[in-house]
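Q: Handing over coords_17.cif, mmCIF, C-alpha atoms and all ligand atoms.
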```cif
data_target
#
loop_
_atom_site.group_PDB
_atom_site.id
_atom_site.type_symbol
_atom_site.label_atom_id
_atom_site.label_comp_id
_atom_site.auth_asym_id
_atom_site.auth_seq_id
_atom_site.Cartn_x
_atom_site.Cartn_y
_atom_site.Cartn_z
ATOM 1 C CA MET A 2 21.032 -21.569 14.049
ATOM 2 C CA ASN A 3 19.830 -25.097 13.398
ATOM 3 C CA TRP A 4 16.110 -24.899 12.431
ATOM 4 C CA LYS A 5 14.175 -27.865 13.893
ATOM 5 C CA ARG A 6 10.443 -27.177 13.385
ATOM 6 C CA LYS A 7 8.411 -28.876 10.646
ATOM 7 C CA ASP A 8 5.349 -26.701 11.390
ATOM 8 C CA LEU A 9 4.774 -22.971 11.713
ATOM 9 C CA LEU A 10 1.575 -22.489 13.703
ATOM 10 C CA GLY A 11 2.149 -19.141 15.391
ATOM 11 C CA LEU A 12 4.698 -16.602 16.580
ATOM 12 C CA GLU A 13 3.718 -17.091 20.227
ATOM 13 C CA GLU A 14 5.772 -20.285 20.399
ATOM 14 C CA LEU A 15 8.801 -18.951 18.479
ATOM 15 C CA SER A 16 11.859 -17.491 20.189
ATOM 16 C CA ARG A 17 13.337 -14.164 19.194
ATOM 17 C CA GLN A 18 16.238 -16.076 17.604
ATOM 18 C CA GLU A 19 13.883 -18.207 15.507
ATOM 19 C CA ILE A 20 11.992 -15.144 14.253
ATOM 20 C CA GLU A 21 15.249 -13.393 13.369
ATOM 21 C CA PHE A 22 16.477 -16.535 11.606
ATOM 22 C CA ILE A 23 13.356 -16.614 9.384
ATOM 23 C CA LEU A 24 13.805 -12.895 8.580
ATOM 24 C CA ASP A 25 17.484 -13.427 7.710
ATOM 25 C CA THR A 26 16.608 -16.412 5.519
ATOM 26 C CA ALA A 27 13.909 -14.320 3.798
ATOM 27 C CA GLY A 28 16.550 -11.647 3.161
ATOM 28 C CA SER A 29 18.601 -14.141 1.176
ATOM 29 C CA PHE A 30 15.542 -15.202 -0.871
ATOM 30 C CA LYS A 31 14.304 -11.696 -1.722
ATOM 31 C CA GLU A 32 16.673 -11.286 -4.662
ATOM 32 C CA VAL A 33 15.283 -14.411 -6.411
ATOM 33 C CA SER A 34 12.081 -12.543 -7.332
ATOM 34 C CA THR A 35 14.091 -9.840 -9.109
ATOM 35 C CA ARG A 36 15.776 -12.302 -11.501
ATOM 36 C CA ALA A 37 14.730 -12.827 -15.114
ATOM 37 C CA VAL A 38 14.241 -16.503 -14.211
ATOM 38 C CA LYS A 39 12.588 -16.342 -10.781
ATOM 39 C CA LYS A 40 13.463 -19.832 -9.579
ATOM 40 C CA VAL A 41 15.871 -21.738 -7.357
ATOM 41 C CA PRO A 42 15.920 -25.536 -7.016
ATOM 42 C CA ALA A 43 15.703 -25.607 -3.187
ATOM 43 C CA LEU A 44 12.450 -27.643 -2.981
ATOM 44 C CA ARG A 45 12.602 -29.490 -6.289
ATOM 45 C CA GLY A 46 10.657 -32.766 -6.007
ATOM 46 C CA LYS A 47 8.579 -31.546 -3.019
ATOM 47 C CA THR A 48 4.809 -31.024 -3.143
ATOM 48 C CA VAL A 49 3.036 -28.198 -1.349
ATOM 49 C CA VAL A 50 -0.769 -28.172 -0.924
ATOM 50 C CA ASN A 51 -2.773 -24.970 -0.423
ATOM 51 C CA LEU A 52 -5.655 -25.997 1.858
ATOM 52 C CA PHE A 53 -7.746 -22.832 2.143
ATOM 53 C CA PHE A 54 -11.143 -23.181 3.840
ATOM 54 C CA GLU A 55 -11.597 -19.379 3.822
ATOM 55 C CA PRO A 56 -11.190 -16.845 1.000
ATOM 56 C CA SER A 57 -7.787 -15.302 0.354
ATOM 57 C CA THR A 58 -6.102 -13.214 -2.321
ATOM 58 C CA ARG A 59 -2.683 -12.275 -0.946
ATOM 59 C CA THR A 60 -1.745 -15.237 1.242
ATOM 60 C CA LYS A 61 -2.818 -17.989 -1.154
ATOM 61 C CA THR A 62 -1.211 -16.374 -4.197
ATOM 62 C CA SER A 63 1.918 -15.506 -2.270
ATOM 63 C CA PHE A 64 2.395 -19.062 -0.938
ATOM 64 C CA GLU A 65 1.796 -20.500 -4.397
ATOM 65 C CA LEU A 66 4.355 -18.181 -5.988
ATOM 66 C CA ALA A 67 6.827 -18.774 -3.140
ATOM 67 C CA ALA A 68 6.564 -22.561 -3.528
ATOM 68 C CA LYS A 69 6.923 -22.335 -7.323
ATOM 69 C CA ARG A 70 9.973 -20.061 -7.011
ATOM 70 C CA LEU A 71 11.513 -22.791 -4.836
ATOM 71 C CA SER A 72 10.712 -25.301 -7.644
ATOM 72 C CA ALA A 73 8.149 -27.230 -5.566
ATOM 73 C CA ASP A 74 5.005 -28.648 -7.176
ATOM 74 C CA VAL A 75 1.893 -26.849 -5.917
ATOM 75 C CA LEU A 76 -1.656 -28.138 -5.589
ATOM 76 C CA SER A 77 -4.421 -25.641 -4.829
ATOM 77 C CA PHE A 78 -7.190 -27.612 -3.171
ATOM 78 C CA GLU A 79 -10.658 -26.248 -3.937
ATOM 79 C CA VAL A 80 -12.796 -26.744 -0.833
ATOM 80 C CA SER A 81 -16.083 -25.902 -2.588
ATOM 81 C CA THR A 82 -15.689 -28.733 -5.117
ATOM 82 C CA SER A 83 -14.115 -31.235 -2.700
ATOM 83 C CA SER A 84 -15.555 -33.942 -0.438
ATOM 84 C CA VAL A 85 -15.461 -31.409 2.433
ATOM 85 C CA SER A 86 -18.810 -30.268 1.036
ATOM 86 C CA LYS A 87 -20.072 -33.867 1.602
ATOM 87 C CA GLY A 88 -19.099 -33.752 5.274
ATOM 88 C CA GLU A 89 -15.523 -35.087 5.243
ATOM 89 C CA THR A 90 -13.541 -33.854 8.264
ATOM 90 C CA ILE A 91 -10.447 -31.665 7.871
ATOM 91 C CA VAL A 92 -8.313 -34.440 9.381
ATOM 92 C CA ASP A 93 -9.626 -37.057 6.913
ATOM 93 C CA THR A 94 -9.149 -34.595 4.071
ATOM 94 C CA ALA A 95 -5.540 -33.898 5.081
ATOM 95 C CA ARG A 96 -4.696 -37.566 5.706
ATOM 96 C CA ASN A 97 -6.122 -38.620 2.341
ATOM 97 C CA ILE A 98 -4.146 -35.956 0.501
ATOM 98 C CA GLU A 99 -1.028 -36.917 2.488
ATOM 99 C CA ALA A 100 -1.510 -40.519 1.341
ATOM 100 C CA MET A 101 -0.600 -39.173 -2.125
ATOM 101 C CA LYS A 102 2.851 -38.328 -0.722
ATOM 102 C CA VAL A 103 2.744 -34.578 -0.299
ATOM 103 C CA ASP A 104 5.235 -32.693 1.876
ATOM 104 C CA CYS A 105 3.465 -29.576 3.136
ATOM 105 C CA PHE A 106 0.007 -28.198 3.886
ATOM 106 C CA ILE A 107 -0.661 -24.461 3.957
ATOM 107 C CA VAL A 108 -3.841 -24.175 6.025
ATOM 108 C CA ARG A 109 -6.328 -21.330 6.331
ATOM 109 C CA HIS A 110 -9.457 -21.981 8.371
ATOM 110 C CA SER A 111 -12.139 -19.965 10.162
ATOM 111 C CA ILE A 112 -11.671 -22.056 13.328
ATOM 112 C CA SER A 113 -8.762 -21.213 15.639
ATOM 113 C CA GLY A 114 -6.579 -24.297 16.101
ATOM 114 C CA ALA A 115 -7.488 -26.041 12.823
ATOM 115 C CA PRO A 116 -3.837 -26.045 11.580
ATOM 116 C CA LEU A 117 -2.726 -27.484 14.942
ATOM 117 C CA VAL A 118 -5.268 -30.308 14.652
ATOM 118 C CA ILE A 119 -4.020 -31.127 11.137
ATOM 119 C CA SER A 120 -0.372 -30.946 12.239
ATOM 120 C CA LYS A 121 -1.037 -33.643 14.843
ATOM 121 C CA ALA A 122 -2.592 -35.932 12.230
ATOM 122 C CA VAL A 123 0.029 -35.741 9.457
ATOM 123 C CA LYS A 124 3.788 -36.110 9.028
ATOM 124 C CA ALA A 125 3.880 -33.343 6.396
ATOM 125 C CA ALA A 126 4.838 -29.795 7.361
ATOM 126 C CA VAL A 127 1.871 -27.601 8.328
ATOM 127 C CA ILE A 128 1.976 -23.831 7.969
ATOM 128 C CA ASN A 129 -0.778 -21.692 9.447
ATOM 129 C CA ALA A 130 -2.067 -19.250 6.817
ATOM 130 C CA GLY A 131 -4.550 -17.696 9.271
ATOM 131 C CA ASP A 132 -6.794 -19.556 11.740
ATOM 132 C CA GLY A 133 -9.891 -17.858 13.134
ATOM 133 C CA CYS A 134 -8.986 -15.110 15.587
ATOM 134 C CA HIS A 135 -5.798 -16.928 16.673
ATOM 135 C CA GLU A 136 -2.709 -16.222 14.516
ATOM 136 C CA HIS A 137 -1.525 -15.363 11.021
ATOM 137 C CA PRO A 138 2.205 -15.893 11.492
ATOM 138 C CA THR A 139 3.455 -15.326 7.944
ATOM 139 C CA GLN A 140 1.544 -12.017 7.775
ATOM 140 C CA ALA A 141 3.368 -10.830 10.890
ATOM 141 C CA LEU A 142 6.698 -12.119 9.578
ATOM 142 C CA LEU A 143 6.306 -10.181 6.333
ATOM 143 C CA ASP A 144 5.320 -7.120 8.368
ATOM 144 C CA LEU A 145 8.437 -7.486 10.542
ATOM 145 C CA PHE A 146 10.563 -7.975 7.426
ATOM 146 C CA THR A 147 9.108 -4.802 5.865
ATOM 147 C CA VAL A 148 9.669 -2.708 8.984
ATOM 148 C CA LYS A 149 13.256 -3.982 9.259
ATOM 149 C CA GLU A 150 13.808 -3.170 5.585
ATOM 150 C CA VAL A 151 12.596 0.425 6.112
ATOM 151 C CA PHE A 152 14.192 1.193 9.494
ATOM 152 C CA GLY A 153 17.134 -1.246 9.521
ATOM 153 C CA LYS A 154 15.971 -2.466 12.946
ATOM 154 C CA ILE A 155 12.874 -3.308 14.983
ATOM 155 C CA SER A 156 14.114 -2.971 18.545
ATOM 156 C CA GLY A 157 13.218 0.428 20.014
ATOM 157 C CA LEU A 158 10.536 1.267 17.431
ATOM 158 C CA LYS A 159 7.019 2.249 18.442
ATOM 159 C CA ILE A 160 4.023 0.794 16.590
ATOM 160 C CA ALA A 161 0.326 1.606 16.979
ATOM 161 C CA ILE A 162 -2.068 -1.167 15.880
ATOM 162 C CA ILE A 163 -5.499 0.354 15.302
ATOM 163 C CA GLY A 164 -8.882 -1.294 14.796
ATOM 164 C CA ASP A 165 -10.591 -4.576 15.568
ATOM 165 C CA ILE A 166 -7.976 -6.126 17.858
ATOM 166 C CA TYR A 167 -10.507 -8.575 19.316
ATOM 167 C CA HIS A 168 -11.110 -10.550 16.101
ATOM 168 C CA SER A 169 -7.671 -10.031 14.582
ATOM 169 C CA ARG A 170 -5.245 -12.923 14.105
ATOM 170 C CA VAL A 171 -2.975 -10.397 12.360
ATOM 171 C CA ALA A 172 -2.884 -8.238 15.503
ATOM 172 C CA ARG A 173 -2.096 -11.224 17.731
ATOM 173 C CA SER A 174 0.780 -12.455 15.565
ATOM 174 C CA ASN A 175 2.146 -8.933 15.172
ATOM 175 C CA ILE A 176 1.982 -8.301 18.915
ATOM 176 C CA TRP A 177 4.026 -11.469 19.547
ATOM 177 C CA GLY A 178 6.483 -10.647 16.789
ATOM 178 C CA PHE A 179 7.054 -6.961 17.484
ATOM 179 C CA THR A 180 7.301 -7.338 21.274
ATOM 180 C CA LYS A 181 9.689 -10.317 21.038
ATOM 181 C CA LEU A 182 11.945 -8.237 18.779
ATOM 182 C CA GLY A 183 11.976 -5.317 21.201
ATOM 183 C CA ALA A 184 9.416 -2.882 19.752
ATOM 184 C CA LYS A 185 6.841 -1.052 21.854
ATOM 185 C CA VAL A 186 3.242 -1.848 20.788
ATOM 186 C CA ILE A 187 0.149 0.276 21.473
ATOM 187 C CA VAL A 188 -3.268 -1.142 20.564
ATOM 188 C CA CYS A 189 -6.130 1.235 19.833
ATOM 189 C CA GLY A 190 -9.786 0.752 18.959
ATOM 190 C CA PRO A 191 -13.307 0.891 20.369
ATOM 191 C CA PRO A 192 -13.337 -0.593 23.910
ATOM 192 C CA THR A 193 -15.635 -3.405 22.655
ATOM 193 C CA LEU A 194 -12.948 -4.511 20.186
ATOM 194 C CA ILE A 195 -10.005 -4.565 22.632
ATOM 195 C CA PRO A 196 -9.718 -7.906 24.513
ATOM 196 C CA HIS A 197 -9.807 -7.565 28.304
ATOM 197 C CA GLY A 198 -6.371 -8.046 29.900
ATOM 198 C CA ILE A 199 -4.419 -7.647 26.662
ATOM 199 C CA GLU A 200 -1.880 -5.534 28.591
ATOM 200 C CA LYS A 201 -0.664 -8.796 30.178
ATOM 201 C CA ILE A 202 1.052 -9.744 26.915
ATOM 202 C CA GLY A 203 3.128 -6.578 26.941
ATOM 203 C CA VAL A 204 1.151 -3.953 25.025
ATOM 204 C CA SER A 205 -0.373 -0.669 26.117
ATOM 205 C CA VAL A 206 -3.976 0.270 25.340
ATOM 206 C CA CYS A 207 -5.310 3.577 24.043
ATOM 207 C CA TYR A 208 -8.832 4.518 22.944
ATOM 208 C CA SER A 209 -7.980 7.668 20.977
ATOM 209 C CA VAL A 210 -6.355 7.486 17.531
ATOM 210 C CA ALA A 211 -4.921 10.992 17.945
ATOM 211 C CA GLU A 212 -3.172 9.853 21.139
ATOM 212 C CA ALA A 213 -2.088 6.484 19.737
ATOM 213 C CA VAL A 214 -0.290 7.944 16.690
ATOM 214 C CA LYS A 215 1.745 10.473 18.693
ATOM 215 C CA ASN A 216 5.477 9.777 18.316
ATOM 216 C CA VAL A 217 5.038 6.389 16.659
ATOM 217 C CA ASP A 218 7.132 4.989 13.808
ATOM 218 C CA ILE A 219 4.392 2.801 12.325
ATOM 219 C CA VAL A 220 0.607 3.068 12.221
ATOM 220 C CA TYR A 221 -0.795 -0.396 11.463
ATOM 221 C CA LEU A 222 -4.472 -0.360 10.474
ATOM 222 C CA LEU A 223 -6.603 -3.489 10.758
ATOM 223 C CA ARG A 224 -9.509 -4.484 8.580
ATOM 224 C CA ILE A 225 -12.978 -4.325 10.078
ATOM 225 C CA GLN A 226 -13.930 -7.996 9.770
ATOM 226 C CA LYS A 227 -17.582 -7.797 8.839
ATOM 227 C CA GLU A 228 -17.734 -11.611 8.511
ATOM 228 C CA ARG A 229 -16.755 -12.102 12.193
ATOM 229 C CA GLN A 230 -19.054 -9.461 13.693
ATOM 230 C CA GLN A 231 -22.009 -11.448 15.042
ATOM 231 C CA GLU A 232 -22.833 -8.660 17.504
ATOM 232 C CA ASN A 233 -22.896 -4.902 17.177
ATOM 233 C CA PHE A 234 -19.454 -3.988 18.486
ATOM 234 C CA PHE A 235 -19.896 -0.377 17.369
ATOM 235 C CA PRO A 236 -23.068 1.582 16.532
ATOM 236 C CA SER A 237 -22.526 1.997 12.775
ATOM 237 C CA GLN A 238 -19.815 2.058 10.123
ATOM 238 C CA ALA A 239 -20.149 5.854 9.920
ATOM 239 C CA GLU A 240 -19.491 6.056 13.670
ATOM 240 C CA TYR A 241 -16.438 3.814 13.350
ATOM 241 C CA ARG A 242 -15.102 5.878 10.449
ATOM 242 C CA ASN A 243 -15.528 9.105 12.417
ATOM 243 C CA PHE A 244 -13.676 7.908 15.507
ATOM 244 C CA PHE A 245 -11.221 5.253 14.260
ATOM 245 C CA GLY A 246 -11.066 5.557 10.461
ATOM 246 C CA PHE A 247 -7.652 6.760 9.337
ATOM 247 C CA ASP A 248 -7.354 9.804 7.134
ATOM 248 C CA TYR A 249 -3.896 11.336 6.663
ATOM 249 C CA LYS A 250 -5.495 14.792 6.610
ATOM 250 C CA LYS A 251 -6.480 14.339 10.260
ATOM 251 C CA PHE A 252 -3.143 12.785 11.317
ATOM 252 C CA SER A 253 -0.569 14.413 9.084
ATOM 253 C CA PHE A 254 2.088 11.978 7.873
ATOM 254 C CA GLU A 255 4.457 14.855 7.187
ATOM 255 C CA LYS A 256 4.266 16.246 10.701
ATOM 256 C CA ASN A 257 4.258 12.952 12.544
ATOM 257 C CA LYS A 258 6.640 11.067 10.190
ATOM 258 C CA PHE A 259 5.165 7.606 10.581
ATOM 259 C CA PHE A 260 4.688 4.880 8.000
ATOM 260 C CA LEU A 261 1.311 3.318 7.319
ATOM 261 C CA MET A 262 0.687 -0.439 7.084
ATOM 262 C CA HIS A 263 -2.383 -2.601 6.458
ATOM 263 C CA PRO A 264 -2.519 -6.398 5.931
ATOM 264 C CA GLY A 265 -5.286 -6.231 3.313
ATOM 265 C CA PRO A 266 -7.917 -6.581 2.130
ATOM 266 C CA MET A 267 -8.708 -2.906 2.809
ATOM 267 C CA ASN A 268 -12.165 -1.483 3.393
ATOM 268 C CA ARG A 269 -11.450 1.824 1.677
ATOM 269 C CA GLY A 270 -13.451 4.627 3.256
ATOM 270 C CA LEU A 271 -13.939 2.687 6.499
ATOM 271 C CA GLU A 272 -10.722 1.928 8.427
ATOM 272 C CA ILE A 273 -8.561 3.752 5.850
ATOM 273 C CA SER A 274 -9.221 6.582 3.397
ATOM 274 C CA THR A 275 -8.272 5.941 -0.232
ATOM 275 C CA GLU A 276 -5.850 8.891 -0.226
ATOM 276 C CA SER A 277 -4.042 7.533 2.852
ATOM 277 C CA ALA A 278 -3.588 4.111 1.250
ATOM 278 C CA GLU A 279 -1.931 5.753 -1.771
ATOM 279 C CA LYS A 280 0.383 8.167 0.088
ATOM 280 C CA GLU A 281 4.145 7.822 -0.208
ATOM 281 C CA ASN A 282 4.402 6.791 3.450
ATOM 282 C CA SER A 283 2.186 3.773 2.788
ATOM 283 C CA LEU A 284 4.042 0.435 2.926
ATOM 284 C CA ILE A 285 1.020 -1.630 1.915
ATOM 285 C CA LEU A 286 2.288 -2.950 -1.430
ATOM 286 C CA GLN A 287 5.834 -3.364 -0.091
ATOM 287 C CA GLN A 288 4.306 -5.687 2.528
ATOM 288 C CA VAL A 289 2.733 -7.772 -0.253
ATOM 289 C CA THR A 290 6.004 -7.931 -2.213
ATOM 290 C CA ASN A 291 7.906 -9.080 0.870
ATOM 291 C CA GLY A 292 5.360 -11.823 1.518
ATOM 292 C CA ILE A 293 6.987 -13.911 -1.224
ATOM 293 C CA ALA A 294 10.496 -13.864 0.284
ATOM 294 C CA VAL A 295 9.175 -14.525 3.785
ATOM 295 C CA ARG A 296 7.021 -17.452 2.617
ATOM 296 C CA MET A 297 9.918 -18.862 0.588
ATOM 297 C CA ALA A 298 11.953 -18.814 3.812
ATOM 298 C CA VAL A 299 9.209 -20.482 5.863
ATOM 299 C CA LEU A 300 8.618 -23.179 3.221
ATOM 300 C CA TYR A 301 12.342 -23.803 2.808
ATOM 301 C CA LEU A 302 12.967 -24.157 6.550
ATOM 302 C CA THR A 303 9.930 -26.297 7.418
ATOM 303 C CA VAL A 304 9.648 -28.612 4.400
ATOM 304 C CA ARG A 305 13.303 -29.666 4.781
ATOM 305 C CA GLN A 306 12.356 -31.099 8.218
ATOM 306 C CA VAL A 307 9.923 -33.598 6.620
ATOM 307 C CA HIS A 308 11.357 -37.092 6.053
HETATM 308 N N1 LIG B 401 -3.543 -10.330 4.551
HETATM 309 C C1 LIG B 401 -4.259 -11.408 4.168
HETATM 310 O O1 LIG B 401 -4.285 -12.449 4.836
HETATM 311 O O2 LIG B 401 -4.923 -11.248 2.991
HETATM 312 P P1 LIG B 401 -5.770 -12.397 2.257
HETATM 313 O O3 LIG B 401 -6.980 -12.661 3.107
HETATM 314 O O4 LIG B 401 -6.092 -11.851 0.907
HETATM 315 O O5 LIG B 401 -4.907 -13.624 2.190
#
```
Before we go any further, please render this structure as structure tokens.
Ligand code: CP

A:
Amino acid sequence: MNWKRKDLLGLEELSRQEIEFILDTAGSFKEVSTRAVKKVPALRGKTVVNLFFEPSTRTKTSFELAAKRLSADVLSFEVSTSSVSKGETIVDTARNIEAMKVDCFIVRHSISGAPLVISKAVKAAVINAGDGCHEHPTQALLDLFTVKEVFGKISGLKIAIIGDIYHSRVARSNIWGFTKLGAKVIVCGPPTLIPHGIEKIGVSVCYSVAEAVKNVDIVYLLRIQKERQQENFFPSQAEYRNFFGFDYKKFSFEKNKFFLMHPGPMNRGLEISTESAEKENSLILQQVTNGIAVRMAVLYLTVRQVH
């Protein structure tokens, strides 16, 4: 297919064909990271800016490595030591950096829609690296890539997403991605953390982990986002752990034969037990590895649209 988008803001607006095209492109980039010299010249001469207004380990590092493996120059903008701390708006910040002739902004922000606002103000490519509770498209793409790598397909699989669905941009992007590619998605968590009417976007809802994990191929655990919990959505962490925390001893991997995924960072001992995270059925580090190939694909496709 002929890729036309300069921005990647979410999976909601992508077609099934576009998602599959990114995954196929990522497949061709995966091998680059196994070479002795992990570099191709695809974006030589281009400049990519990491504009992270929220903390990140995986996404920021992964985008930086992906851009460098495509031979782009990378600038990691430090918000805490920038003029943002003096009150400069995100649009002024982006437009001033763009005036130095950069080609792409990778944007993470606590406010949903911040990458969209920047994309309307600049000619450079804008990639959403997680905005508020809205979307985290490259996380979902690397999750789809990992599932396809393990199962050879996505259509027909059953995936249970467990935890804080309400605040989760990862859940939203994964719901769009998995349903568009033909998987069945069940969301599970405390009723206070499941958005009303979520069934309308094609998922089923379950309030019992034991029920949700029956006959599924993937159990996808979400992080409890302590930084976004302004109210008491559940009585205590101990209560959450008892009812929704995942421990493989309670839900035997061997018997049920599902794989375990988590986007990170994990709250060990809360939504996931340490032993579960380390079990052979855990795909958590494979997800991180695949993030590089997927982000190389997204950078390659979008930055080439900038003129
Ligand atoms: N999965 C994820 O977005 O992790 P980081 O917050 O470390 O980037």

Q: Tell me which of A:Arg224, A:Gly190, A:Lys181, A:Leu12 sits closest to A:Gly203, counting all atoms listed in the file.

A: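 Closest to A:Gly203 of all the choices is A:Lys181.
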
Q: Check every protein, DNA and RNA residue against ligand LIG 401 (chain B), keep those with an atom at most 7 Å away (counting all atoms listed in the file), and present them as a PyMOL selection string.

A: chain A and resi 56-61+131+140+264-266

Q: Kindly extract all protein, DNA and RNA residues lying within 12 Å of the coordinates (3.6, -8.5, 19.3) given in the file, considering all atoms listed in the file, and supply them as a short mmCIF file (atom, residue, chain, number, x, y, z; two decimals) with C-alpha atoms, in the coordinates of the input.

A:
```cif
data_model
loop_
_atom_site.label_atom_id
_atom_site.label_comp_id
_atom_site.auth_asym_id
_atom_site.auth_seq_id
_atom_site.Cartn_x
_atom_site.Cartn_y
_atom_site.Cartn_z
CA GLY A 11 2.15 -19.14 15.39
CA LEU A 12 4.70 -16.60 16.58
CA GLU A 13 3.72 -17.09 20.23
CA LEU A 15 8.80 -18.95 18.48
CA ARG A 17 13.34 -14.16 19.19
CA ILE A 20 11.99 -15.14 14.25
CA GLU A 136 -2.71 -16.22 14.52
CA HIS A 137 -1.52 -15.36 11.02
CA PRO A 138 2.20 -15.89 11.49
CA ALA A 141 3.37 -10.83 10.89
CA LEU A 142 6.70 -12.12 9.58
CA ASP A 144 5.32 -7.12 8.37
CA LEU A 145 8.44 -7.49 10.54
CA ILE A 155 12.87 -3.31 14.98
CA SER A 156 14.11 -2.97 18.55
CA LYS A 159 7.02 2.25 18.44
CA ILE A 160 4.02 0.79 16.59
CA ALA A 161 0.33 1.61 16.98
CA ILE A 162 -2.07 -1.17 15.88
CA ILE A 166 -7.98 -6.13 17.86
CA ARG A 170 -5.24 -12.92 14.10
CA VAL A 171 -2.98 -10.40 12.36
CA ALA A 172 -2.88 -8.24 15.50
CA ARG A 173 -2.10 -11.22 17.73
CA SER A 174 0.78 -12.46 15.56
CA ASN A 175 2.15 -8.93 15.17
CA ILE A 176 1.98 -8.30 18.92
CA TRP A 177 4.03 -11.47 19.55
CA GLY A 178 6.48 -10.65 16.79
CA PHE A 179 7.05 -6.96 17.48
CA THR A 180 7.30 -7.34 21.27
CA LYS A 181 9.69 -10.32 21.04
CA LEU A 182 11.94 -8.24 18.78
CA GLY A 183 11.98 -5.32 21.20
CA ALA A 184 9.42 -2.88 19.75
CA LYS A 185 6.84 -1.05 21.85
CA VAL A 186 3.24 -1.85 20.79
CA ILE A 187 0.15 0.28 21.47
CA VAL A 188 -3.27 -1.14 20.56
CA ILE A 199 -4.42 -7.65 26.66
CA GLU A 200 -1.88 -5.53 28.59
CA LYS A 201 -0.66 -8.80 30.18
CA ILE A 202 1.05 -9.74 26.92
CA GLY A 203 3.13 -6.58 26.94
CA VAL A 204 1.15 -3.95 25.02
CA SER A 205 -0.37 -0.67 26.12
#
```

Q: Which residue is closest to A:Ala126? Choose from A:Leu71, A:Met262, A:Leu222, A:Ile107 and count all atoms listed in the file.

A: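 Of A:Leu71, A:Met262, A:Leu222, A:Ile107, the one nearest A:Ala126 is A:Ile107, counting all atoms listed in the file.
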
Q: Out of A:Met297, A:Leu66, A:Ala27, A:Val220, which residue has the shortest atom-to-atom distance to A:Lys149 when counting all atoms listed in the file?

A: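 For A:Lys149, the nearest of the given residues is A:Ala27.
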
Q: Hey, what comes out of the PyMOL selection byres (((chain A and resi 43) around 12) and not hetatm) on this file? Could you write it as a list in words?

A: Phe30, Val33, Lys40, Val41, Pro42, Leu44, Arg45, Gly46, Lys47, Ala67, Ala68, Lys69, Arg70, Leu71, Ser72, Ala73, Asp74, Met297, Ala298, Leu300, Tyr301, Leu302, Val304 and Arg305 of chain A

Q: Would you kindly return, as a CSV table (one decimal) with C-alpha atoms, in the coordinates of the input, each protein, DNA or RNA residue with an atom no farther than 12 Å from any atom of A:Leu261, considering only C-alpha atoms and excluding same-chain residues fewer than 2 positions away?

A:
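File written: selection-v8.csv
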```csv
chain,number,residue,atom,x,y,z
A,144,ASP,CA,5.3,-7.1,8.4
A,147,THR,CA,9.1,-4.8,5.9
A,148,VAL,CA,9.7,-2.7,9.0
A,151,VAL,CA,12.6,0.4,6.1
A,160,ILE,CA,4.0,0.8,16.6
A,161,ALA,CA,0.3,1.6,17.0
A,162,ILE,CA,-2.1,-1.2,15.9
A,163,ILE,CA,-5.5,0.4,15.3
A,214,VAL,CA,-0.3,7.9,16.7
A,217,VAL,CA,5.0,6.4,16.7
A,218,ASP,CA,7.1,5.0,13.8
A,219,ILE,CA,4.4,2.8,12.3
A,220,VAL,CA,0.6,3.1,12.2
A,221,TYR,CA,-0.8,-0.4,11.5
A,222,LEU,CA,-4.5,-0.4,10.5
A,223,LEU,CA,-6.6,-3.5,10.8
A,247,PHE,CA,-7.7,6.8,9.3
A,248,ASP,CA,-7.4,9.8,7.1
A,249,TYR,CA,-3.9,11.3,6.7
A,252,PHE,CA,-3.1,12.8,11.3
A,253,SER,CA,-0.6,14.4,9.1
A,254,PHE,CA,2.1,12.0,7.9
A,255,GLU,CA,4.5,14.9,7.2
A,257,ASN,CA,4.3,13.0,12.5
A,258,LYS,CA,6.6,11.1,10.2
A,259,PHE,CA,5.2,7.6,10.6
A,263,HIS,CA,-2.4,-2.6,6.5
A,264,PRO,CA,-2.5,-6.4,5.9
A,273,ILE,CA,-8.6,3.8,5.8
A,274,SER,CA,-9.2,6.6,3.4
A,276,GLU,CA,-5.8,8.9,-0.2
A,277,SER,CA,-4.0,7.5,2.9
A,278,ALA,CA,-3.6,4.1,1.2
A,279,GLU,CA,-1.9,5.8,-1.8
A,280,LYS,CA,0.4,8.2,0.1
A,281,GLU,CA,4.1,7.8,-0.2
A,282,ASN,CA,4.4,6.8,3.4
A,283,SER,CA,2.2,3.8,2.8
A,284,LEU,CA,4.0,0.4,2.9
A,285,ILE,CA,1.0,-1.6,1.9
A,286,LEU,CA,2.3,-3.0,-1.4
A,287,GLN,CA,5.8,-3.4,-0.1
A,288,GLN,CA,4.3,-5.7,2.5
```

Q: Counting only C-alpha atoms, find residues at most 8 Å from (0.3, -30.0, -1.5) (file frame) and give them as a count of residues only.

A: 15

Q: Work out how far apart atom CA of A:Gln306 and atom CA of A:Phe54 are and give it in Å to one decimal.

A: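 Calculated distance between atom CA of A:Gln306 and atom CA of A:Phe54 is 25.2 Å.
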
Q: Using only C-alpha atoms, which of A:Arg36, A:His135, A:Arg109, A:Arg6 sits nearest A:Phe64?

A: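 Among the listed residues, A:Arg109 lies closest to A:Phe64.
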
Q: Pick the closest to A:Ile112 from A:Phe53, A:Phe22, A:Phe235, A:Tyr241: which is it, counting only C-alpha atoms?

A: A:Phe53

Q: Build an axis-aligned box that encloses every atom of stretch 124-134 of chain A listed in the file, pad it by 6 Å on each side, and report its centre and edge lengths in Å to one decimal, as lines of an AutoDock Vina configuration file.

A:
```
center_x = -2.5
center_y = -25.6
center_z = 11.0
size_x = 26.7
size_y = 33.0
size_z = 21.2
```

Q: Carefully work through the PyMOL selection byres (((chain A and resi 210) around 8) and not hetatm) for this structure and note down the residues it includes, as a PyMOL selection string.

A: chain A and resi 163+189-190+207-209+211-214+244-245
